[in-house]
$ cat structure.csv   # CSV, C-alpha atoms
chain,number,residue,atom,x,y,z
A,1,MET,CA,47.9,-7.9,8.4
A,2,ARG,CA,48.7,-9.2,11.8
A,3,VAL,CA,50.0,-6.8,14.4
A,4,GLU,CA,52.6,-8.4,16.6
A,5,GLY,CA,55.5,-7.5,19.0
A,6,LEU,CA,54.5,-6.7,22.5
A,7,ALA,CA,55.7,-8.9,25.4
A,8,ASP,CA,52.3,-8.8,27.2
A,9,ALA,CA,50.4,-10.5,24.4
A,10,ALA,CA,47.6,-12.8,25.4
A,11,PRO,CA,48.3,-16.5,25.6
A,12,ALA,CA,47.5,-18.6,22.6
A,13,SER,CA,43.9,-19.8,22.2
A,14,PRO,CA,41.8,-21.4,19.5
A,15,PRO,CA,40.9,-19.1,16.6
A,16,ILE,CA,37.9,-16.9,17.2
A,17,TRP,CA,36.3,-17.8,13.9
A,18,PRO,CA,37.9,-21.1,12.8
A,19,ALA,CA,35.2,-22.0,10.3
A,20,ALA,CA,36.0,-19.0,8.1
A,21,GLY,CA,39.7,-18.7,8.6
A,22,ALA,CA,41.2,-15.5,10.1
A,23,ALA,CA,38.6,-13.0,11.2
A,24,ARG,CA,39.4,-9.7,9.6
A,25,ILE,CA,39.0,-6.9,12.2
A,26,LEU,CA,39.3,-3.2,11.4
A,27,VAL,CA,40.7,-1.3,14.3
A,28,VAL,CA,40.2,2.5,14.1
A,29,ASP,CA,42.2,4.7,16.6
A,30,ASP,CA,44.3,7.8,16.2
A,31,GLN,CA,46.8,6.4,18.7
A,32,PRO,CA,49.0,3.7,17.1
A,33,ALA,CA,49.9,2.3,20.5
A,34,ASN,CA,46.3,1.5,21.1
A,35,ILE,CA,46.1,-0.4,17.8
A,36,GLN,CA,49.2,-2.3,18.7
A,37,ILE,CA,47.8,-3.4,22.0
A,38,VAL,CA,44.6,-4.6,20.4
A,39,GLY,CA,46.7,-6.5,17.8
A,40,ASN,CA,48.6,-8.2,20.5
A,41,VAL,CA,45.4,-9.2,22.3
A,42,LEU,CA,43.5,-10.5,19.3
A,43,GLY,CA,46.2,-11.4,16.8
A,44,PRO,CA,47.2,-14.7,18.5
A,45,LEU,CA,43.6,-15.7,18.5
A,46,GLY,CA,43.4,-16.0,14.7
A,47,CYS,CA,42.4,-12.4,13.9
A,48,ASP,CA,43.8,-10.4,11.0
A,49,ILE,CA,44.1,-6.8,12.3
A,50,VAL,CA,43.6,-4.0,9.8
A,51,PRO,CA,44.7,-0.6,11.3
A,52,ALA,CA,43.3,2.8,10.5
A,53,SER,CA,44.4,6.0,12.2
A,54,ASP,CA,41.4,8.2,11.2
A,55,GLY,CA,37.9,7.9,9.9
A,56,ALA,CA,38.6,8.6,6.2
A,57,THR,CA,41.2,5.8,6.1
A,58,ALA,CA,38.8,3.5,7.9
A,59,LEU,CA,36.1,4.0,5.3
A,60,LYS,CA,38.6,3.5,2.4
A,61,ARG,CA,39.8,0.2,3.9
A,62,LEU,CA,36.3,-0.9,4.6
A,63,ALA,CA,35.2,-0.2,1.1
A,64,ALA,CA,38.2,-2.1,-0.3
A,65,ARG,CA,37.4,-5.2,1.7
A,66,PRO,CA,34.7,-5.4,4.4
A,67,PRO,CA,35.9,-6.8,7.7
A,68,GLU,CA,34.0,-9.2,9.9
A,69,LEU,CA,34.1,-6.7,12.8
A,70,VAL,CA,35.1,-3.1,13.5
A,71,LEU,CA,36.7,-1.8,16.8
A,72,LEU,CA,36.1,2.0,16.7
A,73,ASP,CA,37.4,4.8,18.9
A,74,VAL,CA,34.9,7.7,19.6
A,75,VAL,CA,37.2,10.7,20.0
A,76,MET,CA,39.4,11.3,17.0
A,77,PRO,CA,40.4,14.5,15.1
A,78,GLY,CA,38.4,15.3,12.0
A,79,MET,CA,35.7,12.7,11.6
A,80,ASP,CA,34.9,11.2,15.0
A,81,GLY,CA,33.8,7.6,15.6
A,82,ILE,CA,30.1,8.4,15.8
A,83,GLU,CA,30.2,9.8,12.2
A,84,VAL,CA,32.3,6.9,10.9
A,85,CYS,CA,29.7,4.5,12.4
A,86,ARG,CA,26.8,6.4,10.7
A,87,ARG,CA,28.5,6.3,7.3
A,88,ILE,CA,29.2,2.6,7.6
A,89,ARG,CA,25.5,2.0,8.4
A,90,GLU,CA,24.4,4.1,5.4
A,91,GLU,CA,25.5,1.3,3.1
A,92,PRO,CA,23.0,-1.6,2.9
A,93,ASP,CA,25.7,-4.2,2.5
A,94,ARG,CA,27.6,-3.0,5.6
A,95,ARG,CA,24.7,-2.8,8.0
A,96,GLU,CA,25.4,-6.3,9.4
A,97,ILE,CA,29.0,-5.6,10.3
A,98,PRO,CA,29.2,-5.5,14.1
A,99,ILE,CA,30.8,-2.3,15.4
A,100,ILE,CA,32.2,-2.2,18.9
A,101,PHE,CA,33.2,1.1,20.3
A,102,LEU,CA,36.5,1.1,22.2
A,103,SER,CA,37.0,4.4,23.8
A,104,ALA,CA,38.3,6.3,26.9
A,105,ALA,CA,35.1,8.4,26.9
A,106,ASP,CA,32.9,6.7,29.5
A,107,ASP,CA,30.2,9.3,30.0
A,108,LYS,CA,26.6,8.1,29.5
A,109,ASP,CA,26.0,10.6,26.7
A,110,SER,CA,28.9,9.2,24.6
A,111,ILE,CA,27.8,5.7,25.1
A,112,VAL,CA,24.1,6.4,24.2
A,113,ARG,CA,25.2,8.4,21.1
A,114,ALA,CA,27.5,5.6,20.0
A,115,LEU,CA,24.9,2.8,20.3
A,116,ALA,CA,22.2,5.0,18.7
A,117,ALA,CA,24.5,5.5,15.7
A,118,GLY,CA,24.6,1.7,15.1
A,119,GLY,CA,27.2,0.3,17.5
A,120,VAL,CA,26.5,-3.1,19.0
A,121,ASP,CA,28.7,-2.8,22.1
A,122,TYR,CA,30.8,-0.3,24.0
A,123,VAL,CA,34.1,-1.1,25.8
A,124,THR,CA,35.9,1.6,27.8
A,125,LYS,CA,39.6,2.1,28.0
A,126,PRO,CA,41.7,0.9,29.7
A,127,PHE,CA,40.0,-2.4,28.9
A,128,ASP,CA,40.5,-5.8,30.4
A,129,HIS,CA,42.1,-8.1,27.9
A,130,ALA,CA,39.8,-11.1,28.7
A,131,GLU,CA,36.7,-8.9,28.5
A,132,LEU,CA,37.6,-7.6,25.1
A,133,VAL,CA,38.3,-11.1,23.9
A,134,LEU,CA,34.9,-12.3,25.1
A,135,ARG,CA,33.1,-9.3,23.6
A,136,VAL,CA,34.8,-9.9,20.2
A,137,ARG,CA,34.1,-13.6,20.3
A,138,THR,CA,30.4,-13.0,21.1
A,139,HIS,CA,29.8,-10.6,18.3
A,140,LEU,CA,31.8,-12.6,15.7
A,141,ALA,CA,29.8,-15.7,16.7
A,142,LEU,CA,26.5,-13.7,16.4
A,143,LYS,CA,27.5,-12.4,12.9
A,144,ALA,CA,28.5,-15.9,11.8
A,145,ALA,CA,25.1,-17.2,13.0
A,146,ARG,CA,23.3,-14.4,11.1
A,147,ASP,CA,25.3,-15.1,8.0
A,148,ARG,CA,24.6,-18.8,8.2
A,149,LEU,CA,20.9,-18.2,8.6
A,150,LYS,CA,20.8,-15.8,5.7
A,151,GLN,CA,22.6,-18.3,3.5
A,152,LEU,CA,20.2,-21.1,4.6
A,153,ALA,CA,17.2,-18.9,3.8
A,154,GLU,CA,18.7,-18.1,0.4
A,155,ASP,CA,19.3,-21.8,-0.3
A,156,LYS,CA,15.8,-22.6,0.8
A,157,ASP,CA,14.3,-19.9,-1.5
A,158,GLU,CA,16.4,-21.1,-4.4
A,159,LEU,CA,15.4,-24.8,-3.9
A,160,ILE,CA,11.7,-23.9,-3.6
A,161,GLY,CA,11.9,-21.7,-6.6
A,162,ILE,CA,13.5,-24.5,-8.7
A,163,LEU,CA,10.8,-27.0,-7.5
A,164,ALA,CA,8.0,-24.5,-8.2
A,165,HIS,CA,9.3,-23.7,-11.7
A,166,ASP,CA,9.5,-27.4,-12.5
A,167,MET,CA,6.0,-28.0,-11.1
A,168,LYS,CA,4.7,-25.2,-13.2
A,169,ASN,CA,6.1,-26.7,-16.4
A,170,HIS,CA,4.8,-30.2,-15.7
A,171,LEU,CA,1.4,-28.9,-14.5
A,172,GLY,CA,1.1,-26.8,-17.7
A,173,GLY,CA,1.8,-29.8,-19.8
A,174,ILE,CA,-0.8,-31.9,-17.9
A,175,GLN,CA,-3.4,-29.2,-18.2
A,176,ILE,CA,-3.0,-28.8,-22.0
A,177,SER,CA,-3.2,-32.6,-22.5
A,178,ALA,CA,-6.3,-32.8,-20.4
A,179,LYS,CA,-8.0,-30.0,-22.3
A,180,LEU,CA,-7.2,-31.8,-25.6
A,181,LEU,CA,-8.6,-35.0,-24.2
A,182,ARG,CA,-11.7,-33.3,-22.9
A,183,GLY,CA,-12.4,-31.8,-26.4
A,184,ARG,CA,-12.1,-35.2,-28.1
A,185,MET,CA,-14.2,-37.0,-25.4
A,186,ALA,CA,-17.1,-34.6,-25.7
A,187,GLN,CA,-19.1,-37.0,-27.9
A,188,SER,CA,-18.0,-40.2,-26.1
A,189,ASP,CA,-18.3,-41.7,-22.7
A,190,GLY,CA,-19.5,-39.1,-20.1
A,191,LYS,CA,-17.4,-40.7,-17.4
A,192,LEU,CA,-14.2,-40.2,-19.4
A,193,GLU,CA,-15.2,-36.6,-20.0
A,194,GLN,CA,-15.7,-36.1,-16.3
A,195,LEU,CA,-12.3,-37.5,-15.5
A,196,CYS,CA,-10.7,-35.1,-17.9
A,197,GLU,CA,-12.7,-32.3,-16.3
A,198,ASN,CA,-11.4,-33.3,-12.9
A,199,ILE,CA,-7.8,-33.2,-14.2
A,200,CYS,CA,-8.3,-29.8,-15.7
A,201,HIS,CA,-9.7,-28.4,-12.5
A,202,SER,CA,-7.0,-29.8,-10.2
A,203,THR,CA,-4.1,-28.8,-12.4
A,204,GLY,CA,-5.7,-25.4,-12.9
A,205,GLN,CA,-5.8,-24.8,-9.1
A,206,LEU,CA,-2.2,-26.1,-8.6
A,207,LEU,CA,-0.9,-24.0,-11.5
A,208,SER,CA,-2.6,-20.9,-10.2
A,209,PHE,CA,-1.0,-21.4,-6.8
A,210,VAL,CA,2.5,-22.0,-8.2
A,211,LYS,CA,2.2,-18.9,-10.4
A,212,GLN,CA,1.2,-16.7,-7.5
A,213,PHE,CA,3.9,-18.2,-5.3
A,214,LEU,CA,6.6,-17.4,-7.9
A,215,ALA,CA,5.3,-13.9,-8.4
A,216,ASN,CA,5.2,-13.3,-4.7
A,217,SER,CA,8.7,-14.6,-4.3
A,218,ALA,CA,10.0,-12.4,-7.1
A,219,ALA,CA,8.3,-9.3,-5.5
A,220,ASP,CA,9.8,-10.2,-2.1
A,221,HIS,CA,13.3,-10.4,-3.5
A,222,GLU,CA,12.9,-7.1,-5.3
A,223,ILE,CA,13.8,-8.5,-8.7
A,224,VAL,CA,14.9,-5.5,-10.8
A,225,LEU,CA,12.1,-4.7,-13.3
A,226,LYS,CA,13.0,-3.4,-16.8
A,227,PRO,CA,10.4,-0.7,-17.7
A,228,LYS,CA,9.9,0.1,-21.4
A,229,ALA,CA,7.3,1.4,-23.7
A,230,LEU,CA,4.3,-0.9,-24.0
A,231,ASN,CA,0.8,-0.7,-25.5
A,232,LEU,CA,-1.8,-1.2,-22.7
A,233,ASN,CA,-4.4,-2.1,-25.3
A,234,ASP,CA,-2.4,-5.2,-26.3
A,235,ALA,CA,-1.7,-6.2,-22.7
A,236,ALA,CA,-5.4,-5.9,-21.7
A,237,ALA,CA,-6.6,-7.8,-24.8
A,238,LEU,CA,-4.2,-10.6,-24.1
A,239,SER,CA,-5.3,-11.0,-20.5
A,240,VAL,CA,-9.0,-11.0,-21.5
A,241,GLN,CA,-8.4,-13.6,-24.2
A,242,GLU,CA,-6.5,-15.9,-21.7
A,243,TYR,CA,-9.6,-16.0,-19.4
A,244,GLN,CA,-12.3,-16.3,-22.0
A,245,GLU,CA,-12.6,-20.0,-21.6
A,246,ALA,CA,-12.8,-19.8,-17.8
A,247,ALA,CA,-15.4,-17.1,-18.0
A,248,ALA,CA,-17.5,-19.0,-20.5
A,249,ARG,CA,-17.6,-22.0,-18.2
A,250,LYS,CA,-19.3,-19.8,-15.6
A,251,SER,CA,-21.5,-18.0,-18.2
A,252,LEU,CA,-19.7,-14.7,-17.5
A,253,ASP,CA,-19.6,-11.9,-20.1
A,254,LEU,CA,-15.9,-11.0,-20.1
A,255,ARG,CA,-15.0,-8.2,-22.5
A,256,ALA,CA,-12.3,-5.6,-23.2
A,257,VAL,CA,-13.1,-2.0,-24.0
A,258,LEU,CA,-10.2,-0.5,-25.9
A,259,PRO,CA,-9.7,2.9,-27.5
A,260,ALA,CA,-9.0,3.2,-31.2
A,261,GLU,CA,-5.6,4.7,-30.6
A,262,PRO,CA,-2.8,2.8,-28.7
A,263,VAL,CA,-2.4,3.8,-25.1
A,264,MET,CA,1.3,3.8,-24.4
A,265,ALA,CA,2.8,3.6,-20.9
A,266,LEU,CA,6.0,2.8,-19.2
A,267,GLY,CA,6.2,-0.6,-17.4
A,268,ASP,CA,7.8,-4.0,-17.3
A,269,PRO,CA,5.9,-6.2,-19.8
A,270,ASN,CA,6.0,-9.3,-17.5
A,271,ALA,CA,5.0,-7.3,-14.4
A,272,VAL,CA,2.1,-5.6,-16.3
A,273,ALA,CA,0.9,-9.0,-17.5
A,274,GLN,CA,1.1,-10.4,-14.0
A,275,VAL,CA,-0.9,-7.4,-12.6
A,276,LEU,CA,-3.7,-7.8,-15.2
A,277,ASP,CA,-3.6,-11.6,-14.9
A,278,ASN,CA,-4.3,-11.4,-11.1
A,279,LEU,CA,-7.1,-8.8,-11.4
A,280,VAL,CA,-8.9,-10.5,-14.3
A,281,SER,CA,-8.5,-13.9,-12.6
A,282,ASN,CA,-10.0,-12.6,-9.4
A,283,ALA,CA,-12.9,-11.0,-11.2
A,284,VAL,CA,-13.7,-14.4,-12.9
A,285,LYS,CA,-13.1,-16.3,-9.7
A,286,PHE,CA,-15.4,-14.3,-7.5
A,287,SER,CA,-18.2,-13.4,-10.0
A,288,PRO,CA,-21.4,-15.4,-9.8
A,289,PRO,CA,-22.6,-17.0,-13.1
A,290,GLY,CA,-24.3,-14.6,-15.6
A,291,LYS,CA,-22.5,-11.5,-14.5
A,292,LYS,CA,-20.4,-9.1,-16.6
A,293,ILE,CA,-16.7,-8.2,-16.3
A,294,THR,CA,-15.2,-5.3,-18.2
A,295,VAL,CA,-11.5,-4.5,-18.7
A,296,THR,CA,-11.2,-0.9,-19.9
A,297,VAL,CA,-8.0,0.9,-21.1
A,298,ARG,CA,-7.9,4.7,-21.0
A,299,ALA,CA,-5.3,7.4,-21.7
A,300,ALA,CA,-4.5,9.7,-18.8
A,301,GLU,CA,-2.4,12.8,-18.4
A,302,SER,CA,0.1,11.1,-16.2
A,303,GLY,CA,0.2,7.8,-18.2
A,304,GLY,CA,-2.2,5.0,-19.1
A,305,GLU,CA,-4.9,3.4,-17.0
A,306,CYS,CA,-6.4,-0.1,-16.9
A,307,VAL,CA,-9.7,-0.5,-15.1
A,308,VAL,CA,-11.1,-4.0,-14.2
A,309,GLU,CA,-14.8,-3.9,-13.2
A,310,ASP,CA,-16.9,-6.8,-12.0
A,311,GLU,CA,-20.4,-7.4,-10.6
A,312,GLY,CA,-19.3,-9.7,-7.8
A,313,PRO,CA,-20.0,-9.5,-4.1
A,314,GLY,CA,-17.7,-6.5,-3.5
A,315,PHE,CA,-15.7,-5.8,-0.4
A,316,SER,CA,-16.6,-4.9,3.1
A,317,ALA,CA,-14.8,-2.2,5.1
A,318,ASP,CA,-12.7,-4.9,6.9
A,319,ASP,CA,-11.8,-6.4,3.5
A,320,THR,CA,-10.6,-3.1,2.2
A,321,ASN,CA,-8.2,-2.7,5.2
A,322,ARG,CA,-6.5,-6.0,4.6
A,323,MET,CA,-7.0,-6.8,0.9
A,324,PHE,CA,-3.4,-6.1,0.0
A,325,ARG,CA,-1.8,-8.1,2.8
A,326,ARG,CA,-0.1,-11.3,2.0
A,327,TYR,CA,-2.3,-14.4,2.5
A,328,GLY,CA,-5.1,-12.0,3.6
A,329,ARG,CA,-8.3,-14.0,3.2
A,330,LEU,CA,-11.4,-11.8,2.4
A,331,SER,CA,-15.1,-12.4,3.1
A,332,ALA,CA,-15.9,-13.3,-0.5
A,333,ARG,CA,-15.3,-16.8,-1.7
A,334,PRO,CA,-14.8,-18.2,-5.2
A,335,THR,CA,-18.1,-19.0,-6.8
A,336,GLY,CA,-16.9,-22.1,-8.8
A,337,GLY,CA,-14.7,-23.9,-6.3
A,338,GLU,CA,-11.5,-22.2,-7.5
A,339,LEU,CA,-8.4,-21.9,-5.4
A,340,SER,CA,-7.9,-18.7,-3.4
A,341,THR,CA,-4.4,-18.3,-1.9
A,342,GLY,CA,-4.7,-14.7,-0.6
A,343,LEU,CA,-1.6,-13.8,-2.5
A,344,GLY,CA,-3.0,-12.2,-5.7
A,345,LEU,CA,-3.7,-8.6,-4.5
A,346,SER,CA,-0.5,-8.4,-2.4
A,347,ILE,CA,1.5,-9.3,-5.6
A,348,VAL,CA,-0.4,-6.7,-7.6
A,349,LYS,CA,0.4,-3.9,-5.1
A,350,LYS,CA,4.1,-4.8,-4.9
A,351,LEU,CA,4.5,-4.9,-8.7
A,352,VAL,CA,2.6,-1.7,-9.3
A,353,GLN,CA,4.6,0.1,-6.6
A,354,ASN,CA,7.9,-1.2,-8.1
A,355,MET,CA,6.8,0.3,-11.5
A,356,ASN,CA,6.0,3.7,-9.8
A,357,GLY,CA,2.4,3.2,-10.7
A,358,GLU,CA,-0.8,3.8,-8.7
A,359,LEU,CA,-3.4,1.2,-7.6
A,360,ALA,CA,-6.9,2.0,-6.2
A,361,CYS,CA,-10.0,0.0,-5.4
A,362,GLU,CA,-13.6,1.2,-5.3
A,363,SER,CA,-16.1,-1.3,-3.8
A,364,ALA,CA,-19.1,-1.8,-1.5
A,365,PRO,CA,-20.7,-5.0,-0.3
A,366,GLY,CA,-23.0,-6.4,-3.0
A,367,GLN,CA,-22.1,-3.8,-5.6
A,368,GLY,CA,-19.0,-5.3,-7.3
A,369,ALA,CA,-15.5,-4.0,-7.3
A,370,THR,CA,-13.5,-1.7,-9.6
A,371,PHE,CA,-9.7,-1.8,-9.6
A,372,ARG,CA,-7.9,1.1,-11.3
A,373,VAL,CA,-4.2,0.7,-12.2
A,374,ARG,CA,-2.4,3.7,-13.5
A,375,PHE,CA,1.0,3.2,-15.2
A,376,PRO,CA,3.6,6.0,-15.7
A,377,LYS,CA,3.6,7.9,-18.9
A,378,TYR,CA,6.0,6.9,-21.6
A,379,SER,CA,7.9,9.8,-23.1
A,380,ASN,CA,10.2,9.5,-26.1
$ encode --input "structure.csv" --output "structure tokens"
Amino acid sequence: MRVEGLADAAPASPPIWPAAGAARILVVDDQPANIQIVGNVLGPLGCDIVPASDGATALKRLAARPPELVLLDVVMPGMDGIEVCRRIREEPDRREIPIIFLSAADDKDSIVRALAAGGVDYVTKPFDHAELVLRVRTHLALKAARDRLKQLAEDKDELIGILAHDMKNHLGGIQISAKLLRGRMAQSDGKLEQLCENICHSTGQLLSFVKQFLANSAADHEIVLKPKALNLNDAAALSVQEYQEAAARKSLDLRAVLPAEPVMALGDPNAVAQVLDNLVSNAVKFSPPGKKITVTVRAAESGGECVVEDEGPGFSADDTNRMFRRYGRLSARPTGGELSTGLGLSIVKKLVQNMNGELACESAPGQGATFRVRFPKYSN
């Protein structure tokens, strides 16, 4: 809707937001004449003016189709502009809509309250037409820039995600082929066996990084998990089995201690697998040769618990303070030349929190580390 008709309309100018067509502006004021004046100032500039005479109407129209900008009066009967602004900001998908207060109330208290509620600017009535146009242009341009940056970031994440997934598939295929070759070359030329070993090592490190990058990206974007009943015994056994070969190469005793009865918990199967994968992988990576790693599953009153214990170097007090930070490098270093990205524990923490679980670490320098992960109880 374009509001037209007054003789003192502003002269024609280029559209405020030409790249996106008509900028949709919600004008909220209990005086129709004020809305008409704003329409005559902004309408010829390419703005589509949407009028609302009270707060309730404004919220309904905003819900039906979000505008690019809101011009909002402060003093209105019933719901005032401050409350309207607060309600708009309560919705996550509306927090980026710029709200400019346009009001006759020019006392400092009203201005401070309006800006504190989420307004980006405050223009007092009677306003200068050129000033209003400049304020509106500025905030529409800023919003357009933010939207563009957000889109670019999403495009970048999508592209990197596609590349990482493709890399993971190819690396996995290379690694499997190299392992098969290594097995067949065991009784032949030692140089060929060493080449296969180099391929396995390199692809293993790259594959580990890609997996952790994808898991971190998923956690950052808050992908919705789908909790369901799962047997922690099976999850722990599978994780231990996956790292038996890596543990054997370092002469590590990796074992699972599982109760006779299934331990049922509530969690997303993929997320639980990722949590255990990171914890067991770290234990293997940082344990010196000849040590023991134990993965224990226990039933608990509030759910099920998985405990990963190692006899590695442990953590210092400084390590403990930053172990769950992204890319937080700790004092311990892998004992077999493995890759350490600093992503694993930050991923574990995010995933456990997203499943409403609990994560704790007990460690001291030189005394190994024990990670306890408690998953919520499953109830029929």
$ closest_residue --input "structure.csv" --among "A:Ala236, A:Ala22, A:Ala117, A:Ala105" --to "Asn278 (chain A)" --atoms "only C-alpha atoms"
A:Ala236
$ atom_distance --input "structure.csv" --atom1 "CA of Leu207 (chain A)" --atom2 "CA of Asp277 (chain A)"
13.1 Å
$ atom_distance --input "structure.csv" --atom1 "CA of Arg298 (chain A)" --atom2 "CA of Ala369 (chain A)"
17.9 Å
$ closest_residue --input "structure.csv" --among "A:Ile176, A:Ser110, A:Arg65, A:Ala283" --to "Asp93 (chain A)" --atoms "all atoms listed in the file"
A:Arg65
$ residues_around --input "structure.csv" --residues "Val280 (chain A)" --least-positions-apart "5" --cutoff "9 Å" --atoms "all atoms listed in the file" --output "list in words"
Ser239, Val240, Tyr243, Val275, Lys285, Ile293, Val295, Val308 and Glu309 of chain A
$ residues_around --input "structure.csv" --residues "Arg94 (chain A)" --least-positions-apart "5" --cutoff "12 Å" --atoms "all atoms listed in the file" --output "VMD selection string"
chain A and resid 59 62 to 63 65 to 70 85 to 89 99 118 143
$ write_last_selection --input "structure.csv" --atoms "C-alpha atoms" --output "short mmCIF file (atom, residue, chain, number, x, y, z; two decimals), keeping the file's coordinate frame"
data_model
loop_
_atom_site.label_atom_id
_atom_site.label_comp_id
_atom_site.auth_asym_id
_atom_site.auth_seq_id
_atom_site.Cartn_x
_atom_site.Cartn_y
_atom_site.Cartn_z
CA LEU A 59 36.10 4.00 5.30
CA LEU A 62 36.30 -0.90 4.60
CA ALA A 63 35.20 -0.20 1.10
CA ARG A 65 37.40 -5.20 1.70
CA PRO A 66 34.70 -5.40 4.40
CA PRO A 67 35.90 -6.80 7.70
CA GLU A 68 34.00 -9.20 9.90
CA LEU A 69 34.10 -6.70 12.80
CA VAL A 70 35.10 -3.10 13.50
CA CYS A 85 29.70 4.50 12.40
CA ARG A 86 26.80 6.40 10.70
CA ARG A 87 28.50 6.30 7.30
CA ILE A 88 29.20 2.60 7.60
CA ARG A 89 25.50 2.00 8.40
CA ILE A 99 30.80 -2.30 15.40
CA GLY A 118 24.60 1.70 15.10
CA LYS A 143 27.50 -12.40 12.90
#
$ atom_distance --input "structure.csv" --atom1 "CA of Gln274 (chain A)" --atom2 "CA of Val373 (chain A)"
12.4 Å
$ closest_residue --input "structure.csv" --among "A:Pro32, A:Pro269, A:Gly204, A:Gly312" --to "Val50 (chain A)" --atoms "all atoms listed in the file"
A:Pro32
